[in-house]
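Novice: My file is protein.txt. It has compact mmCIF, C-alpha atoms:
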```
# COMPACT_ATOMS: atom_id res chain seq x y z
CA MET A 1 115.88 108.34 82.11
CA LYS A 2 116.13 104.53 82.20
CA ASP A 3 112.33 104.21 82.12
CA ARG A 4 112.07 106.46 79.06
CA GLU A 5 114.78 104.50 77.28
CA SER A 6 113.05 101.18 77.91
CA LEU A 7 109.71 102.53 76.66
CA LYS A 8 111.41 103.60 73.42
CA LEU A 9 111.53 99.90 72.55
CA LEU A 10 107.81 100.16 71.80
CA THR A 11 108.37 102.62 68.93
CA GLU A 12 109.85 99.88 66.73
CA CYS A 13 108.84 96.84 68.70
CA ARG A 14 111.11 93.82 68.63
CA ILE A 15 110.48 92.71 72.21
CA CYS A 16 109.37 89.20 71.21
CA PRO A 17 110.62 86.82 68.50
CA ARG A 18 107.93 87.99 66.06
CA ASN A 19 110.07 91.11 65.50
CA CYS A 20 107.15 92.99 63.96
CA GLY A 21 108.88 96.39 64.15
CA ILE A 22 105.54 98.16 64.73
CA ASP A 23 105.35 101.53 66.46
CA ARG A 24 102.98 100.47 69.21
CA TYR A 25 102.25 104.08 70.09
CA GLN A 26 100.55 104.35 66.69
CA GLU A 27 99.11 100.88 66.03
CA THR A 28 99.01 97.38 67.45
CA GLY A 29 101.77 94.81 67.05
CA VAL A 30 101.48 91.14 66.21
CA CYS A 31 100.64 90.60 69.88
CA GLY A 32 97.47 92.62 69.29
CA GLN A 33 98.54 95.33 71.72
CA GLY A 34 99.55 98.96 71.60
CA ALA A 35 101.76 100.80 74.07
CA GLY A 36 99.22 100.87 76.92
CA ILE A 37 99.09 97.98 79.37
CA GLN A 38 95.87 95.99 78.99
CA ALA A 39 94.80 93.49 81.64
CA ALA A 40 91.62 91.46 82.14
CA ARG A 41 91.79 90.09 85.68
CA ALA A 42 93.75 90.40 88.92
CA SER A 43 92.80 87.98 91.68
CA LEU A 44 93.89 85.22 94.04
CA HIS A 45 94.26 82.04 92.00
CA MET A 46 94.36 78.54 93.51
CA TRP A 47 95.20 76.38 90.49
CA GLU A 48 98.96 76.78 90.18
CA GLU A 49 101.62 74.40 91.52
CA PRO A 50 101.29 73.93 95.34
CA CYS A 51 104.44 75.94 96.09
CA ILE A 52 102.99 78.85 94.07
CA SER A 53 99.31 78.84 95.11
CA GLY A 54 99.71 77.66 98.69
CA GLU A 55 96.65 78.06 100.89
CA ARG A 56 95.95 81.74 100.19
CA GLY A 57 96.38 81.80 96.43
CA SER A 58 98.72 83.30 93.88
CA GLY A 59 98.12 86.96 93.02
CA THR A 60 97.58 86.53 89.29
CA VAL A 61 97.43 89.40 86.81
CA PHE A 62 96.19 88.25 83.40
CA PHE A 63 97.45 90.49 80.60
CA THR A 64 95.65 90.86 77.28
CA GLY A 65 97.25 89.85 73.99
CA CYS A 66 99.93 87.28 73.21
CA SER A 67 102.89 86.86 70.89
CA MET A 68 102.32 83.12 70.63
CA GLY A 69 98.85 82.39 69.27
CA CYS A 70 98.34 78.67 70.00
CA VAL A 71 95.27 77.23 68.27
CA PHE A 72 94.34 75.42 71.51
CA CYS A 73 94.68 78.47 73.80
CA GLN A 74 92.40 78.29 76.84
CA ASN A 75 92.58 82.06 77.36
CA ARG A 76 91.71 82.92 73.78
CA THR A 77 89.07 85.46 74.77
CA ILE A 78 91.87 87.77 75.90
CA SER A 79 94.92 86.44 74.05
CA GLY A 80 93.74 87.25 70.51
CA ARG A 81 94.80 85.44 67.35
CA SER A 82 98.37 86.67 67.04
CA GLN A 83 99.38 83.66 64.98
CA GLU A 84 97.50 85.22 62.07
CA ARG A 85 99.41 88.49 62.59
CA ILE A 86 96.22 90.51 62.71
CA ARG A 87 97.28 94.04 63.59
CA SER A 88 94.17 95.23 65.33
CA SER A 89 93.14 95.42 68.96
CA HIS A 90 92.14 92.09 70.51
CA SER A 91 91.14 93.59 73.83
CA SER A 92 87.80 92.33 75.02
CA ASP A 93 85.17 94.56 76.59
CA THR A 94 86.40 93.38 79.96
CA SER A 95 90.02 94.32 79.32
CA VAL A 96 91.13 97.54 80.96
CA GLU A 97 94.04 99.81 80.10
CA VAL A 98 96.11 100.63 83.17
CA SER A 99 99.05 102.93 83.77
CA ASN A 100 102.36 101.77 85.20
CA GLU A 101 101.33 103.42 88.48
CA ARG A 102 97.98 101.61 88.55
CA LEU A 103 99.68 98.28 87.83
CA ALA A 104 102.01 98.87 90.77
CA ASP A 105 98.92 99.57 92.92
CA ILE A 106 97.34 96.30 91.76
CA PHE A 107 100.43 94.40 92.89
CA LEU A 108 100.23 96.04 96.31
CA GLN A 109 96.50 95.35 96.61
CA LEU A 110 97.05 91.66 95.88
CA GLN A 111 99.73 91.62 98.55
CA GLU A 112 97.26 93.18 101.02
CA GLN A 113 94.72 90.44 100.13
CA GLY A 114 97.21 87.84 101.31
CA ALA A 115 98.65 86.64 97.99
CA HIS A 116 101.71 84.44 98.34
CA ASN A 117 103.21 86.12 95.27
CA ILE A 118 102.50 88.31 92.25
CA ASN A 119 101.94 86.12 89.20
CA LEU A 120 102.34 87.85 85.82
CA VAL A 121 100.44 85.80 83.22
CA THR A 122 101.38 86.27 79.54
CA PRO A 123 103.53 89.35 80.22
CA THR A 124 106.07 89.20 77.36
CA HIS A 125 104.78 92.02 75.17
CA PHE A 126 104.59 94.38 78.16
CA ILE A 127 108.08 93.78 79.57
CA PRO A 128 109.22 97.45 79.55
CA GLN A 129 106.07 98.68 81.29
CA ILE A 130 105.95 95.78 83.77
CA ALA A 131 109.58 96.34 84.77
CA ILE A 132 108.72 99.95 85.64
CA ALA A 133 105.63 98.88 87.62
CA ILE A 134 107.52 96.23 89.62
CA ASP A 135 110.22 98.75 90.49
CA LYS A 136 107.60 101.26 91.64
CA ALA A 137 105.79 98.62 93.72
CA LYS A 138 109.02 97.47 95.38
CA GLN A 139 109.74 101.07 96.35
CA GLN A 140 106.30 101.04 98.04
CA LYS A 141 107.05 97.90 100.10
CA LEU A 142 106.08 95.09 97.75
CA ASN A 143 107.89 92.24 99.50
CA ILE A 144 106.38 89.02 98.15
CA PRO A 145 107.97 87.09 95.25
CA VAL A 146 107.19 88.07 91.67
CA VAL A 147 106.42 85.19 89.27
CA TYR A 148 106.92 85.50 85.51
CA ASN A 149 104.42 83.10 83.89
CA THR A 150 105.18 82.73 80.18
CA SER A 151 104.94 80.64 77.01
CA SER A 152 108.75 81.01 76.78
CA TYR A 153 108.52 82.50 73.28
CA GLU A 154 110.91 85.14 74.51
CA LYS A 155 114.09 86.94 73.48
CA THR A 156 116.94 86.73 75.98
CA GLU A 157 117.78 90.42 75.53
CA SER A 158 114.22 91.28 76.62
CA LEU A 159 114.40 88.99 79.65
CA LYS A 160 117.61 90.69 80.75
CA GLN A 161 115.54 93.83 81.45
CA LEU A 162 113.91 91.84 84.27
CA TYR A 163 117.10 90.82 86.05
CA GLY A 164 116.72 91.45 89.78
CA LEU A 165 112.97 92.09 89.47
CA ILE A 166 111.71 88.52 89.01
CA ASP A 167 112.00 85.94 91.79
CA ILE A 168 110.38 82.91 90.17
CA TYR A 169 110.25 82.02 86.49
CA LEU A 170 107.31 79.82 85.47
CA PRO A 171 107.92 79.14 81.76
CA ASP A 172 106.33 76.59 79.44
CA LEU A 173 108.27 74.32 77.17
CA LYS A 174 105.47 73.43 74.80
CA PHE A 175 107.23 71.72 71.90
CA MET A 176 110.57 70.49 70.63
CA ASP A 177 109.34 69.43 67.20
CA PRO A 178 109.30 72.44 64.81
CA VAL A 179 106.58 70.77 62.76
CA LEU A 180 104.27 70.74 65.78
CA SER A 181 105.13 74.29 66.86
CA GLN A 182 104.49 75.57 63.35
CA LYS A 183 101.23 73.64 63.02
CA TYR A 184 99.80 74.61 66.39
CA ALA A 185 101.38 78.02 67.07
CA LYS A 186 102.75 79.34 63.74
CA ALA A 187 106.16 79.41 65.43
CA GLN A 188 108.56 77.00 63.75
CA ASP A 189 111.41 78.56 65.73
CA TYR A 190 109.67 78.08 69.10
CA PHE A 191 112.13 75.61 70.64
CA GLN A 192 115.13 77.68 69.57
CA TYR A 193 113.84 80.74 71.40
CA ALA A 194 112.23 78.90 74.31
CA SER A 195 115.33 76.86 75.15
CA ASP A 196 117.51 79.99 75.05
CA ALA A 197 114.95 81.85 77.19
CA ILE A 198 114.88 79.12 79.84
CA GLU A 199 118.66 79.13 79.91
CA GLU A 200 118.60 82.88 80.63
CA MET A 201 116.01 82.36 83.37
CA VAL A 202 118.19 79.74 85.06
CA ARG A 203 121.20 82.04 84.69
CA GLN A 204 119.28 84.75 86.56
CA ILE A 205 117.95 82.38 89.24
CA PRO A 206 120.28 79.38 89.39
CA ARG A 207 119.02 77.87 92.66
CA ALA A 208 115.57 77.27 94.12
CA ALA A 209 114.69 78.46 97.62
CA PHE A 210 111.61 77.82 99.75
CA ASP A 211 110.28 79.31 102.97
CA GLU A 212 109.41 77.35 106.10
CA GLU A 213 105.89 76.69 104.75
CA GLY A 214 107.21 75.15 101.53
CA MET A 215 106.36 78.17 99.38
CA MET A 216 108.84 78.92 96.62
CA GLU A 217 110.76 82.16 97.10
CA LYS A 218 113.23 81.75 94.24
CA GLY A 219 113.57 79.32 91.38
CA VAL A 220 112.51 78.06 87.96
CA ILE A 221 109.59 75.70 87.32
CA VAL A 222 109.25 74.62 83.68
CA ARG A 223 105.79 73.49 82.65
CA HIS A 224 104.92 71.03 79.93
CA MET A 225 101.27 70.38 79.05
CA MET A 226 100.78 67.08 77.29
CA LEU A 227 98.79 67.35 74.06
CA PRO A 228 96.81 64.58 72.34
CA ASP A 229 98.90 62.39 70.02
CA CYS A 230 102.12 64.20 71.00
CA TYR A 231 103.56 61.59 73.37
CA GLN A 232 106.95 61.35 71.64
CA ASP A 233 107.44 65.11 71.65
CA SER A 234 106.47 65.22 75.34
CA LYS A 235 109.13 62.60 76.06
CA ASN A 236 111.68 64.63 74.13
CA VAL A 237 110.81 67.79 76.08
CA ILE A 238 111.19 66.10 79.46
CA ARG A 239 114.38 64.34 78.42
CA TYR A 240 115.87 67.63 77.21
CA LEU A 241 114.99 69.46 80.44
CA TYR A 242 116.34 66.73 82.69
CA GLU A 243 119.55 66.14 80.75
CA ARG A 244 120.22 69.88 80.49
CA TYR A 245 119.34 70.94 84.06
CA HIS A 246 118.86 67.72 86.09
CA ASN A 247 117.41 68.78 89.45
CA GLN A 248 118.47 72.42 89.20
CA ILE A 249 114.94 73.21 87.99
CA TYR A 250 111.51 71.80 88.74
CA ILE A 251 109.47 70.20 85.96
CA SER A 252 105.67 70.41 86.05
CA ILE A 253 104.00 67.80 83.82
CA MET A 254 100.41 68.79 83.15
CA ASN A 255 97.36 66.83 81.97
CA GLN A 256 94.89 69.73 82.01
CA TYR A 257 94.55 70.14 78.25
CA THR A 258 90.96 71.15 77.52
CA PRO A 259 89.61 71.16 73.93
CA MET A 260 88.22 74.55 73.03
CA PRO A 261 85.75 75.54 70.29
CA GLY A 262 87.16 76.26 66.84
CA LEU A 263 89.35 73.18 66.40
CA GLU A 264 87.59 71.89 63.29
CA ASP A 265 90.88 71.89 61.36
CA TYR A 266 92.63 70.00 64.16
CA PRO A 267 90.47 66.93 64.89
CA GLU A 268 93.33 65.29 66.81
CA LEU A 269 93.07 68.06 69.42
CA LYS A 270 89.36 67.56 70.07
CA ARG A 271 89.87 65.13 72.94
CA ARG A 272 91.32 65.24 76.43
CA ILE A 273 94.35 63.38 77.69
CA GLY A 274 93.60 59.88 78.94
CA LYS A 275 94.82 58.63 82.30
CA ARG A 276 96.80 55.79 80.74
CA GLU A 277 98.79 58.01 78.35
CA TYR A 278 99.50 60.57 81.06
CA ASP A 279 100.64 57.86 83.51
CA ARG A 280 102.91 56.52 80.79
CA LEU A 281 104.59 59.92 80.50
CA ILE A 282 104.99 60.19 84.26
CA ASP A 283 106.56 56.72 84.37
CA PHE A 284 109.01 57.83 81.69
CA ALA A 285 109.99 60.90 83.72
CA LEU A 286 110.52 58.82 86.87
CA LYS A 287 112.65 56.25 85.06
CA LEU A 288 114.69 59.07 83.56
CA GLY A 289 115.50 60.25 87.09
CA VAL A 290 113.30 63.34 87.50
CA GLU A 291 112.96 64.06 91.21
CA ASN A 292 112.02 67.75 91.37
CA GLY A 293 108.66 67.66 89.70
CA PHE A 294 104.93 68.22 89.90
CA ILE A 295 102.13 66.12 88.44
CA GLN A 296 98.40 66.66 88.24
CA GLU A 297 95.98 64.16 89.71
CA GLY A 298 92.33 63.60 88.96
CA ASN A 299 90.17 65.35 86.39
CA THR A 300 91.95 68.66 85.95
CA ALA A 301 90.77 69.24 82.37
CA LEU A 302 87.71 71.27 83.23
CA GLU A 303 86.51 74.53 81.73
CA SER A 304 85.77 75.70 85.29
CA PHE A 305 89.54 76.02 85.79
CA ILE A 306 89.59 78.78 83.17
CA PRO A 307 89.11 82.13 84.96
CA GLU A 308 86.33 84.53 84.12
CA PHE A 309 87.91 87.55 82.46
CA ASN A 310 85.63 90.29 83.72
CA GLY A 311 88.05 93.02 84.74
CA GLU A 312 88.00 91.91 88.37
CA GLY A 313 90.73 93.58 90.38
CA ILE A 314 91.84 95.76 87.47
CA ARG A 315 89.38 98.63 87.46
CA ASP A 316 89.70 101.49 89.91
CA LYS A 317 87.43 104.48 90.45
CA GLY A 318 88.97 106.19 87.46
CA ASN A 319 88.26 103.46 84.90
CA VAL A 320 85.09 101.66 86.01
```
Write the structure described by the file as structure tokens, please.

Specialist:
Amino acid sequence: MKDRESLKLLTECRICPRNCGIDRYQETGVCGQGAGIQAARASLHMWEEPCISGERGSGTVFFTGCSMGCVFCQNRTISGRSQERIRSSHSSDTSVEVSNERLADIFLQLQEQGAHNINLVTPTHFIPQIAIAIDKAKQQKLNIPVVYNTSSYEKTESLKQLYGLIDIYLPDLKFMDPVLSQKYAKAQDYFQYASDAIEEMVRQIPRAAFDEEGMMEKGVIVRHMMLPDCYQDSKNVIRYLYERYHNQIYISIMNQYTPMPGLEDYPELKRRIGKREYDRLIDFALKLGVENGFIQEGNTALESFIPEFNGEGIRDKGNV
């Protein structure tokens, strides 16, 4: 009964802050997705924070569609252009529709491959279905942590459906400035929703825990990817996170921004982050007092870090 009630949310979808109200059983929402779960890759991934990837890799499941729609998105081939509110399918030829049962099987297969955790990438618009799949997988002996990897453009009432199912929250905090979030993601209200969402995540998981190998078992890691010419906003983001949560959370400051094609209207985004400007931001965080943090070293802004979305790990004999 509970599963049916949660799936009813898709008939007038208001799961994310876009509040499109679309019946996703009949057409696609602003996220570009209908009621069926679409995913483009499930595999062991080595490029997350060390306490997430470890030595064996994080069991990532990349979902298709997105409620955010950033102009600089590195996963644009599967995320779609939701910022333009195009209500048509954005699934690529490599995206596969899977049932709740099949998604639960995928989680278990990743566990069998040695994944340190299950890492749900861009899951927001599939929250009701994912909650059902996690519950099914846990009943079948899924016993590794589940990571919720999100843009943070979330509604707290939707996140509450995940209470007790998620072990690690891995949210972004992309912007504080509403001018920037409107310009780059058509989401002027981004910080309002994202800050509330992170607060709900910390409420659900108030303390971090690690195993004897240093792998995170519980906790919240907030990511911030530095963008070109956005140094002041990056400072404001880090200051907000530290002053609000101090060392209750971990802060991951990222330099991996990679310019993608199609940025003709955003010339300021057509360059990578320089070492000097990134080091300046790290120095600011250290002087502020940030202790629980992650930084990226070396040349991380490479297209090779972007996975190939070819349906790997998603297809089974019934949907090859």

Novice: Enumerate, in order of chain and increasing residue number, the residues of segment 84-203 of chain A with an atom no farther than 7 Å from segment 60-64 of chain A, each with its shortest atom pair and distance in Å to one decimal, counting only C-alpha atoms, as JSON lines.

Specialist:
```
{"residue": "A:Ser91", "atom": "CA", "partner": "A:Thr64", "partner_atom": "CA", "distance": 6.3}
{"residue": "A:Ser95", "atom": "CA", "partner": "A:Thr64", "partner_atom": "CA", "distance": 6.9}
{"residue": "A:Ile118", "atom": "CA", "partner": "A:Thr60", "partner_atom": "CA", "distance": 6.0}
{"residue": "A:Asn119", "atom": "CA", "partner": "A:Thr60", "partner_atom": "CA", "distance": 4.4}
{"residue": "A:Leu120", "atom": "CA", "partner": "A:Val61", "partner_atom": "CA", "distance": 5.2}
{"residue": "A:Val121", "atom": "CA", "partner": "A:Phe62", "partner_atom": "CA", "distance": 4.9}
{"residue": "A:Thr122", "atom": "CA", "partner": "A:Phe63", "partner_atom": "CA", "distance": 5.9}
{"residue": "A:Pro123", "atom": "CA", "partner": "A:Phe63", "partner_atom": "CA", "distance": 6.2}
```

Novice: Per residue of segment 19-93 of chain A within 12 Å of segment 163-176 of chain A, what are the shortest atom pair and its distance in Å to one decimal, counting all atoms listed in the file, with rows by chain and residue number, as CSV?

Specialist:
```
residue,atom,partner,partner_atom,distance
A:Glu48,CA,A:Leu170,CA,10.1
A:Glu49,CA,A:Leu170,CA,9.9
A:Cys51,CA,A:Ile168,CA,10.9
A:Ile52,CA,A:Ile168,CA,9.3
A:Met68,CA,A:Lys174,CA,11.0
A:Cys70,CA,A:Lys174,CA,10.1
A:Phe72,CA,A:Lys174,CA,11.8
A:Cys73,CA,A:Lys174,CA,12.0
```

Novice: Here is a test: counting only C-alpha atoms, which residue of A:Arg207, A:Arg76, A:Arg24, A:Lys218 is nearest to Asn117 of chain A?

Specialist: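 Nearest to Asn117 of chain A: A:Lys218.
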
Novice: Under the rule that all atoms listed in the file are counted, which of A:Lys141, A:His125, A:Arg244, A:Arg14 is the nearest residue to Phe107 of chain A?

Specialist: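 Answer, going by the shortest atom-to-atom distance: A:Lys141.
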
Novice: Around the point (99.6, 66.3, 86.2) (coordinates from the file), which residues reach within 7 Å if we count only C-alpha atoms? Answer as a short mmCIF file (atom, residue, chain, number, x, y, z; two decimals) with C-alpha atoms, in the frame of the given file.

Specialist:
```cif
data_model
loop_
_atom_site.label_atom_id
_atom_site.label_comp_id
_atom_site.auth_asym_id
_atom_site.auth_seq_id
_atom_site.Cartn_x
_atom_site.Cartn_y
_atom_site.Cartn_z
CA ILE A 253 104.00 67.80 83.82
CA MET A 254 100.41 68.79 83.15
CA ASN A 255 97.36 66.83 81.97
CA PHE A 294 104.93 68.22 89.90
CA ILE A 295 102.13 66.12 88.44
CA GLN A 296 98.40 66.66 88.24
CA GLU A 297 95.98 64.16 89.71
#
```

Novice: Report, in Å with one decimal, the straight-line distance from atom CA of Gly313 of chain A to atom CA of Glu217 of chain A.

Specialist: 24.0 Å
